[in-house]
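A.B. asks: Below is the file upload17.txt, with compact mmCIF, C-alpha atoms.
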```
# COMPACT_ATOMS: atom_id res chain seq x y z
CA MET A 1 -105.93 -166.76 -107.93
CA SER A 2 -102.97 -165.44 -109.89
CA LEU A 3 -103.14 -164.07 -113.43
CA LEU A 4 -101.53 -167.20 -114.89
CA ALA A 5 -103.95 -169.45 -113.05
CA GLY A 6 -106.85 -167.35 -114.33
CA ILE A 7 -105.59 -167.59 -117.92
CA THR A 8 -105.18 -171.35 -117.52
CA VAL A 9 -108.72 -171.85 -116.28
CA PHE A 10 -110.22 -169.50 -118.89
CA VAL A 11 -108.43 -171.16 -121.79
CA ALA A 12 -109.14 -174.66 -120.46
CA VAL A 13 -112.86 -173.89 -120.19
CA GLY A 14 -112.85 -172.63 -123.79
CA ALA A 15 -111.13 -175.77 -125.05
CA ALA A 16 -113.38 -178.02 -122.99
CA SER A 17 -116.47 -176.32 -124.43
CA ILE A 18 -115.38 -177.17 -127.97
CA LEU A 19 -114.67 -180.77 -126.99
CA VAL A 20 -117.99 -181.21 -125.20
CA VAL A 21 -119.98 -179.78 -128.12
CA TYR A 22 -118.14 -182.06 -130.54
CA TRP A 23 -118.65 -185.06 -128.26
CA PHE A 24 -122.43 -184.66 -128.12
CA LYS A 25 -123.10 -183.33 -131.63
CA GLN A 26 -120.69 -185.68 -133.44
CA PRO A 27 -120.69 -183.54 -136.59
CA ARG A 28 -119.00 -184.51 -139.83
CA LEU A 29 -115.27 -183.71 -139.76
CA ASP A 30 -115.41 -180.84 -142.28
CA MET A 31 -112.97 -177.95 -142.43
CA LYS A 32 -114.84 -175.88 -139.83
CA TRP A 33 -114.82 -178.68 -137.28
CA ARG A 34 -111.25 -179.61 -138.11
CA LEU A 35 -110.19 -176.07 -137.23
CA LEU A 36 -112.34 -176.03 -134.11
CA LEU A 37 -110.92 -179.37 -132.95
CA PHE A 38 -107.43 -178.13 -133.77
CA LEU A 39 -108.15 -175.21 -131.43
CA GLY A 40 -109.69 -177.44 -128.77
CA ILE A 41 -107.16 -180.27 -128.85
CA ALA A 42 -103.91 -178.56 -129.86
CA VAL A 43 -103.81 -174.75 -129.66
CA LEU A 44 -105.75 -173.93 -126.50
CA PRO A 45 -104.34 -176.86 -124.45
CA THR A 46 -100.85 -175.76 -125.50
CA ILE A 47 -101.49 -172.27 -124.14
CA SER A 48 -103.02 -173.78 -121.01
CA ALA A 49 -100.05 -176.15 -120.63
CA GLY A 50 -97.61 -173.26 -120.82
CA THR A 51 -99.35 -171.10 -118.24
CA SER A 52 -100.09 -173.99 -115.87
CA THR A 53 -96.49 -175.21 -116.08
CA VAL A 54 -95.12 -171.78 -115.24
CA GLU A 55 -97.61 -171.46 -112.40
CA ALA A 56 -96.72 -174.93 -111.09
CA MET A 57 -92.99 -174.21 -111.29
CA ASN A 58 -93.53 -170.97 -109.37
CA SER A 59 -95.56 -172.82 -106.78
CA THR A 60 -92.86 -175.44 -106.29
CA SER A 61 -90.40 -172.64 -105.53
CA THR A 62 -92.37 -171.20 -102.62
CA ARG A 63 -91.47 -171.56 -98.97
CA GLU A 64 -94.85 -173.16 -98.21
CA PHE A 65 -94.18 -175.92 -100.76
CA CYS A 66 -90.79 -176.72 -99.20
CA GLY A 67 -92.34 -176.73 -95.73
CA SER A 68 -95.22 -178.99 -96.77
CA CYS A 69 -93.15 -182.15 -96.09
CA HIS A 70 -93.06 -182.98 -92.37
CA VAL A 71 -89.30 -183.54 -92.42
CA MET A 72 -88.87 -179.83 -93.19
CA ALA A 73 -91.23 -178.67 -90.44
CA ALA A 74 -88.51 -177.55 -88.04
CA HIS A 75 -86.68 -175.57 -90.71
CA TYR A 76 -89.93 -174.01 -91.89
CA GLU A 77 -91.04 -173.02 -88.39
CA ASP A 78 -87.66 -171.48 -87.66
CA ALA A 79 -87.65 -169.62 -90.98
CA VAL A 80 -91.06 -168.02 -90.38
CA ASP A 81 -90.46 -167.32 -86.70
CA PRO A 82 -90.25 -163.52 -86.42
CA ALA A 83 -88.15 -163.85 -83.27
CA SER A 84 -85.56 -166.20 -84.77
CA MET A 85 -82.20 -164.71 -85.68
CA SER A 86 -80.98 -167.70 -87.69
CA LEU A 87 -79.58 -167.17 -91.17
CA SER A 88 -82.66 -168.69 -92.83
CA ALA A 89 -85.07 -166.62 -90.75
CA ARG A 90 -83.31 -163.36 -91.53
CA HIS A 91 -83.35 -164.15 -95.24
CA THR A 92 -87.02 -165.14 -95.05
CA ARG A 93 -87.85 -161.75 -93.58
CA ASN A 94 -86.43 -160.09 -96.70
CA ASP A 95 -89.37 -158.61 -98.57
CA SER A 96 -87.86 -158.98 -102.01
CA PHE A 97 -87.57 -162.79 -101.99
CA GLY A 98 -88.82 -163.98 -98.60
CA GLU A 99 -91.67 -166.01 -100.11
CA HIS A 100 -89.10 -168.03 -102.04
CA SER A 101 -86.32 -167.97 -99.47
CA CYS A 102 -85.69 -171.75 -99.49
CA TYR A 103 -85.38 -171.80 -103.26
CA LYS A 104 -83.26 -168.65 -103.44
CA CYS A 105 -80.63 -170.01 -101.08
CA HIS A 106 -80.66 -173.66 -102.21
CA SER A 107 -80.99 -173.26 -105.98
CA GLU A 108 -78.03 -173.58 -108.24
CA TYR A 109 -77.02 -170.70 -110.45
CA GLY A 110 -75.86 -170.54 -114.04
CA MET A 111 -77.57 -171.50 -117.27
CA LEU A 112 -78.59 -174.97 -116.08
CA GLY A 113 -79.22 -173.92 -112.49
CA TYR A 114 -83.01 -173.85 -112.73
CA PRO A 115 -83.57 -177.25 -114.40
CA MET A 116 -80.90 -178.91 -112.26
CA THR A 117 -82.51 -177.56 -109.11
CA LYS A 118 -85.92 -178.80 -110.22
CA LEU A 119 -84.49 -182.22 -111.13
CA ASN A 120 -82.95 -182.43 -107.68
CA GLY A 121 -86.36 -181.52 -106.29
CA LEU A 122 -87.83 -184.49 -108.16
CA ARG A 123 -85.25 -186.68 -106.40
CA HIS A 124 -86.50 -185.29 -103.08
CA VAL A 125 -90.09 -186.17 -104.04
CA TRP A 126 -89.02 -189.71 -104.93
CA LEU A 127 -87.15 -190.14 -101.66
CA TYR A 128 -90.09 -188.77 -99.69
CA TYR A 129 -92.87 -190.82 -101.25
CA PHE A 130 -91.07 -193.99 -102.31
CA ASP A 131 -88.09 -194.22 -99.96
CA GLU A 132 -87.39 -193.76 -96.29
CA TRP A 133 -87.80 -189.99 -95.97
CA GLY A 134 -91.57 -190.15 -95.66
CA ASP A 135 -91.39 -192.67 -92.80
CA MET A 136 -88.82 -190.77 -90.78
CA THR A 137 -89.75 -188.96 -87.61
CA LEU A 138 -88.77 -185.33 -87.48
CA ASP A 139 -85.92 -186.04 -85.06
CA GLU A 140 -84.58 -188.82 -87.28
CA ALA A 141 -84.81 -186.59 -90.32
CA LEU A 142 -83.00 -183.72 -88.66
CA SER A 143 -80.15 -185.90 -87.51
CA LYS A 144 -79.79 -188.02 -90.67
CA MET A 145 -80.76 -185.87 -93.65
CA HIS A 146 -78.08 -183.74 -95.19
CA THR A 147 -77.46 -181.76 -98.33
CA LEU A 148 -76.32 -183.71 -101.38
CA LYS A 149 -73.07 -181.76 -101.52
CA PRO A 150 -71.42 -179.13 -99.33
CA TYR A 151 -73.24 -175.82 -99.53
CA PRO A 152 -71.38 -173.72 -102.11
CA ASN A 153 -70.34 -170.17 -101.20
CA GLU A 154 -71.31 -169.24 -104.75
CA ASN A 155 -74.92 -169.27 -103.59
CA CYS A 156 -74.07 -166.56 -101.04
CA THR A 157 -71.86 -164.50 -103.30
CA HIS A 158 -74.55 -164.46 -105.96
CA CYS A 159 -76.17 -161.66 -103.92
CA HIS A 160 -73.41 -160.72 -101.44
CA THR A 161 -70.68 -159.92 -103.93
CA GLY A 162 -67.68 -160.70 -101.75
CA SER A 163 -65.59 -158.22 -103.63
CA GLY A 164 -66.95 -154.88 -102.46
CA LYS A 165 -65.27 -152.45 -100.10
CA ILE A 166 -67.53 -153.23 -97.17
CA TRP A 167 -67.00 -156.98 -97.47
CA LEU A 168 -63.24 -156.58 -97.79
CA SER A 169 -63.08 -154.12 -94.91
CA VAL A 170 -64.17 -156.81 -92.44
CA PRO A 171 -60.98 -158.23 -90.89
CA ASP A 172 -62.44 -161.77 -90.62
CA HIS A 173 -63.28 -161.76 -94.31
CA ARG A 174 -59.78 -160.75 -95.27
CA ALA A 175 -58.31 -163.42 -92.99
CA VAL A 176 -60.22 -166.27 -94.63
CA GLU A 177 -60.72 -164.84 -98.11
CA ALA A 178 -58.70 -167.54 -99.89
CA GLU A 179 -60.51 -170.37 -98.09
CA VAL A 180 -63.92 -168.79 -98.78
CA ARG A 181 -63.22 -168.36 -102.48
CA ALA A 182 -61.92 -171.94 -102.71
CA ASP A 183 -65.06 -173.27 -100.95
CA GLN A 184 -62.90 -174.67 -98.17
CA LEU A 185 -64.74 -172.61 -95.57
CA SER A 186 -68.47 -172.05 -95.76
CA CYS A 187 -69.99 -168.63 -95.20
CA ALA A 188 -72.73 -170.48 -93.28
CA SER A 189 -70.30 -172.10 -90.84
CA ILE A 190 -70.94 -171.83 -87.14
CA GLY A 191 -68.67 -169.03 -86.02
CA CYS A 192 -69.17 -167.17 -89.28
CA HIS A 193 -72.76 -166.50 -90.40
CA GLY A 194 -74.30 -169.86 -89.46
CA ALA A 195 -75.92 -171.97 -88.43
CA PRO A 196 -78.55 -171.46 -91.11
CA HIS A 197 -80.90 -174.05 -89.62
CA PRO A 198 -80.32 -174.33 -85.85
CA ALA A 199 -82.78 -177.23 -85.50
CA THR A 200 -80.43 -179.46 -87.49
CA VAL A 201 -77.50 -178.60 -85.27
CA ARG A 202 -79.51 -179.21 -82.10
CA ALA A 203 -80.81 -182.56 -83.39
CA ARG A 204 -77.35 -183.77 -84.36
CA GLU A 205 -76.03 -182.68 -81.01
CA ALA A 206 -78.79 -184.62 -79.26
CA ALA A 207 -78.13 -187.70 -81.39
CA HIS A 208 -74.48 -187.87 -80.33
CA THR A 209 -73.34 -188.81 -76.86
CA THR A 210 -70.34 -186.52 -76.99
CA SER A 211 -70.87 -182.83 -77.40
CA LEU A 212 -69.99 -181.58 -80.85
CA LEU A 213 -70.75 -177.96 -80.28
CA ASP A 214 -71.39 -175.59 -77.50
CA PHE A 215 -74.67 -173.94 -78.39
CA SER A 216 -74.32 -171.19 -75.87
CA ASN A 217 -71.82 -169.64 -78.25
CA LEU A 218 -73.95 -169.71 -81.37
CA PRO A 219 -73.37 -166.43 -83.19
CA PHE A 220 -77.06 -165.79 -83.72
CA PRO A 221 -78.95 -167.01 -80.69
CA ARG A 222 -82.68 -166.91 -80.63
CA ALA A 223 -83.78 -163.38 -79.75
CA GLU A 224 -86.17 -162.72 -76.95
CA ARG A 225 -89.69 -162.22 -78.26
CA LYS A 226 -90.83 -158.71 -77.44
CA GLU A 227 -94.38 -158.46 -76.22
CA VAL A 228 -96.42 -155.88 -78.04
CA PRO A 229 -98.37 -153.79 -75.55
CA MET B 1 -102.08 -212.55 -145.74
CA ASN B 2 -100.32 -215.41 -144.09
CA GLN B 3 -101.62 -218.66 -145.46
CA SER B 4 -102.06 -220.18 -142.04
CA PHE B 5 -104.57 -217.44 -141.13
CA ALA B 6 -106.73 -218.03 -144.18
CA SER B 7 -106.61 -221.77 -144.14
CA GLY B 8 -108.58 -222.16 -140.94
CA ALA B 9 -106.18 -224.79 -139.78
CA PRO B 10 -106.36 -225.74 -136.08
CA GLY B 11 -103.14 -223.89 -135.28
CA SER B 12 -104.05 -220.70 -137.13
CA GLN B 13 -105.51 -218.85 -134.07
CA LYS B 14 -102.49 -219.80 -132.06
CA THR B 15 -100.20 -218.54 -134.81
CA LEU B 16 -102.16 -215.26 -134.98
CA ASN B 17 -101.94 -214.75 -131.22
CA SER B 18 -98.24 -215.47 -131.17
CA LYS B 19 -97.72 -213.09 -134.09
CA LEU B 20 -99.63 -210.30 -132.35
CA GLU B 21 -97.76 -210.88 -129.12
CA SER B 22 -94.46 -210.70 -130.93
CA GLN B 23 -95.28 -207.18 -132.19
CA GLY B 24 -94.01 -204.25 -130.21
CA PRO B 25 -96.37 -201.81 -128.49
CA LEU B 26 -95.70 -199.11 -131.12
CA ARG B 27 -96.62 -201.40 -134.02
CA ARG B 28 -99.72 -202.57 -132.18
CA LEU B 29 -100.66 -198.93 -131.56
CA ILE B 30 -100.22 -198.11 -135.25
CA ARG B 31 -102.33 -201.13 -136.22
CA PHE B 32 -104.99 -200.02 -133.76
CA VAL B 33 -105.02 -196.50 -135.26
CA LEU B 34 -105.26 -197.89 -138.79
CA ALA B 35 -108.06 -200.24 -137.85
CA SER B 36 -110.09 -197.72 -135.83
CA GLU B 37 -112.93 -195.61 -137.14
CA LEU B 38 -112.47 -191.85 -137.45
CA SER B 39 -115.08 -191.07 -134.84
CA LEU B 40 -113.34 -193.36 -132.35
CA LEU B 41 -109.98 -191.68 -132.95
CA THR B 42 -111.36 -188.17 -132.57
CA ARG B 43 -113.31 -189.18 -129.49
CA LEU B 44 -110.17 -190.66 -127.95
CA ALA B 45 -108.32 -187.45 -128.83
CA CYS B 46 -111.05 -185.47 -127.10
CA VAL B 47 -110.80 -187.67 -124.00
CA CYS B 48 -107.01 -187.26 -123.82
CA ALA B 49 -107.23 -183.49 -124.34
CA GLY B 50 -109.97 -183.28 -121.73
CA LEU B 51 -107.95 -185.22 -119.15
CA SER B 52 -104.97 -182.99 -119.92
CA LEU B 53 -107.10 -179.89 -119.33
CA VAL B 54 -108.47 -181.32 -116.06
CA PHE B 55 -104.94 -181.89 -114.74
CA MET B 56 -103.87 -178.39 -115.81
CA VAL B 57 -106.77 -176.80 -113.97
CA LEU B 58 -106.18 -178.98 -110.89
CA ILE B 59 -102.51 -177.93 -110.85
CA VAL B 60 -103.29 -174.22 -110.69
CA VAL B 61 -106.38 -174.44 -108.48
CA VAL B 62 -105.76 -177.19 -105.92
CA LYS B 63 -101.96 -176.94 -105.64
CA ILE B 64 -101.42 -180.20 -103.73
CA PRO B 65 -97.63 -180.78 -103.58
CA LEU B 66 -97.62 -184.24 -105.19
CA LEU B 67 -100.05 -183.07 -107.87
CA LEU B 68 -97.85 -180.05 -108.57
CA VAL B 69 -94.86 -182.29 -109.14
CA LEU B 70 -96.44 -185.15 -111.08
CA GLY B 71 -99.44 -183.38 -112.59
CA VAL B 72 -97.39 -181.35 -115.03
CA GLY B 73 -95.93 -184.48 -116.60
CA VAL B 74 -99.25 -186.31 -116.69
CA ALA B 75 -101.02 -183.31 -118.27
CA HIS B 76 -98.35 -182.99 -120.93
CA ALA B 77 -98.44 -186.72 -121.67
CA PHE B 78 -102.22 -186.74 -122.15
CA GLY B 79 -102.00 -183.58 -124.26
CA ILE B 80 -99.36 -185.02 -126.56
CA VAL B 81 -101.28 -188.29 -127.02
CA GLY B 82 -104.44 -186.29 -127.78
CA VAL B 83 -102.72 -184.20 -130.43
CA LEU B 84 -101.17 -187.32 -132.01
CA LEU B 85 -104.54 -189.10 -132.13
CA PHE B 86 -106.19 -186.04 -133.68
CA ALA B 87 -103.41 -185.76 -136.23
CA ALA B 88 -103.80 -189.46 -137.03
CA ALA B 89 -107.55 -188.99 -137.50
CA VAL B 90 -107.11 -186.03 -139.84
CA ILE B 91 -104.41 -187.76 -141.89
CA LYS B 92 -106.42 -190.95 -142.09
CA GLU B 93 -109.52 -189.06 -143.20
CA SER B 94 -107.52 -187.25 -145.87
CA LEU B 95 -106.24 -190.56 -147.19
CA LEU B 96 -109.58 -192.38 -147.04
CA TYR B 97 -111.80 -189.79 -148.72
CA ARG B 98 -110.53 -189.31 -152.25
CA PRO B 99 -111.21 -186.12 -154.26
CA ARG B 100 -114.51 -185.91 -156.17
CA SER B 101 -112.82 -186.31 -159.58
CA LEU B 102 -111.52 -189.71 -158.58
CA ALA B 103 -114.75 -190.95 -157.05
CA PRO B 104 -116.79 -193.61 -158.99
CA LYS B 105 -119.31 -192.06 -161.40
CA ALA B 106 -123.06 -192.35 -160.81
CA GLY B 107 -124.67 -195.37 -162.43
CA VAL B 108 -121.54 -197.49 -162.28
CA ILE B 109 -122.61 -198.95 -158.97
CA ALA B 110 -124.58 -202.10 -159.64
CA SER B 111 -126.99 -201.99 -156.73
CA SER B 112 -130.01 -199.68 -157.01
CA PRO B 113 -131.49 -197.63 -154.18
CA PRO B 114 -134.03 -199.67 -152.23
CA HIS B 115 -137.08 -197.53 -153.16
CA GLU B 116 -136.59 -198.01 -156.91
CA ALA B 117 -138.11 -200.93 -158.78
CA PRO B 118 -135.65 -203.07 -160.78
CA GLY B 119 -136.96 -201.87 -164.16
CA GLU B 120 -136.94 -198.13 -163.40
CA ALA B 121 -134.24 -195.75 -164.33
CA PRO B 122 -132.32 -194.34 -161.42
CA GLY B 123 -133.64 -191.02 -160.12
CA GLU B 124 -137.18 -191.37 -161.58
CA PRO B 125 -140.12 -191.41 -159.19
CA PRO B 126 -141.94 -194.77 -158.81
CA ALA B 127 -144.87 -195.29 -161.15
CA SER B 128 -148.30 -194.60 -159.68
CA GLU B 129 -150.82 -197.43 -159.52
```
As structure tokens - that is how I would like this structure written.

C.D. replies:
Amino acid sequence: MSLLAGITVFVAVGAASILVVYWFKQPRLDMKWRLLLFLGIAVLPTISAGTSTVEAMNSTSTREFCGSCHVMAAHYEDAVDPASMSLSARHTRNDSFGEHSCYKCHSEYGMLGYPMTKLNGLRHVWLYYFDEWGDMTLDEALSKMHTLKPYPNENCTHCHTGSGKIWLSVPDHRAVEAEVRADQLSCASIGCHGAPHPATVRAREAAHTTSLLDFSNLPFPRAERKEVP
Amino acid sequence: MNQSFASGAPGSQKTLNSKLESQGPLRRLIRFVLASELSLLTRLACVCAGLSLVFMVLIVVVKIPLLLVLGVGVAHAFGIVGVLLFAAAVIKESLLYRPRSLAPKAGVIASSPPHEAPGEAPGEPPASE
């Protein structure tokens, strides 16, 4: 249990104790009991609401939360596969933010980035529980579901600056710099650093009769799993 | 009061029902708060605060995805209603119980305590036989 969760439970138990004592004793509402009820109904629940909300928001940003819907199973399994060399798997293996890798790459940035990302997450919950997403098979989901808008390169350049010497020294970067900065070419394109989620590409390929892509030329093929002696 | 309510005419109950139905939920809620006893209001506030606390603890302990998403809103809603009910109870109590200086003086009340005989002065012990 995290510190915030512990504070929430501790404060909630304190508030509940006041409420239970008041419920059974039913004392006259004098100043002492007014203050106690103010603590039990207003102050302590407010503290508990703050800590539980922060804890819940943190929990909804974890990789496990994103992978808890079955339509995300393939992406989740690929991301946590230590042998996978996909873009999502390599970011998930990053110690500094791997536990929140889905959120880190798919959240919007800027002042309203956090609430807008969470609002979009609420839309996902609605579509999953009250629309067709929850009834889809995994194959259907992989071939039909798509991001709301094209993935912005800003999400990549938030960490990978795109203006440093190393980035500019790569000939391919210099060749497509204008297109990358104008969001006309995605960093996560196949042939550049993608595909981020190979399962989606494979499912869409299987859903079409004509071949869209030749997967033998994927830039980051699945690595051979090395057996530990 | 509307005359049709007091008259006891055959259509008065119907008129009352239609009048209540025509009121919005907020006005009906305010009327309910005004008509309720203090203990009922504070008990309802306790129930709402308790439910809010239960949801908060469930959010951080159980961590079921749907509960994480919807529980925060439900907990906040119960908490806000609880605080409003408690505030209503405190305000109503402050308005109902007037300060001591404004209270009716002793002896003005016509009815005597039940243990006193009609001829005795208030506060004196009953005469022994």

A.B. asks: Kindly indicate which residue among A:Gly194, A:Gly14, A:Pro115, A:Pro45 lies nearest to chain B, using only C-alpha atoms for the distances.

C.D. replies: A:Pro45

A.B. asks: Check every residue of chain A for an atom within 10 Å of chain B, counting only C-alpha atoms, and provide those that qualify as a PyMOL selection string.

C.D. replies: chain A and resi 1-2+4-6+8-13+15-20+22-23+26-29+34+37-38+40-46+48-57+59-60+64-66+68-69+118+121-122+125+129

A.B. asks: So that I can see what lies close to Glu77 in chain A, please list as an MDAnalysis selection string the residues with an atom at most 12 Å from it, counting only C-alpha atoms and leaving out residues fewer than 5 positions away in the same chain.

C.D. replies: chainID A and resid 63:64 66:68 70:72 82:84 86 88:89 92 197:199

A.B. asks: How many Å separate CA of His193 in chain A from CA of Gly110 in chain A?

C.D. replies: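 According to the coordinates, CA of His193 in chain A and CA of Gly110 in chain A are separated by 24.2 Å.
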
A.B. asks: Calculate how many Å separate CA of Met136 in chain A from CA of Asn153 in chain A, rounding to one decimal.

C.D. replies: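 For CA of Met136 in chain A relative to CA of Asn153 in chain A, the distance reads 29.6 Å.
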
A.B. asks: Could you tell me how far CA of Trp133 in chain A lies from CA of Thr200 in chain A, in Å and to one decimal?

C.D. replies: 15.4 Å

A.B. asks: Please provide the set of residues having any atom within 12 Å of Ser163 in chain A, restricted to all atoms listed in the file, with same-chain residues fewer than 4 positions apart removed, written as a list in words.

C.D. replies: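 Non-adjacent residues within range: Thr157, His158, Cys159, Trp167, Leu168, Ser169, Val170, His173, Arg174, Glu177, Val180 and Arg181 of chain A.
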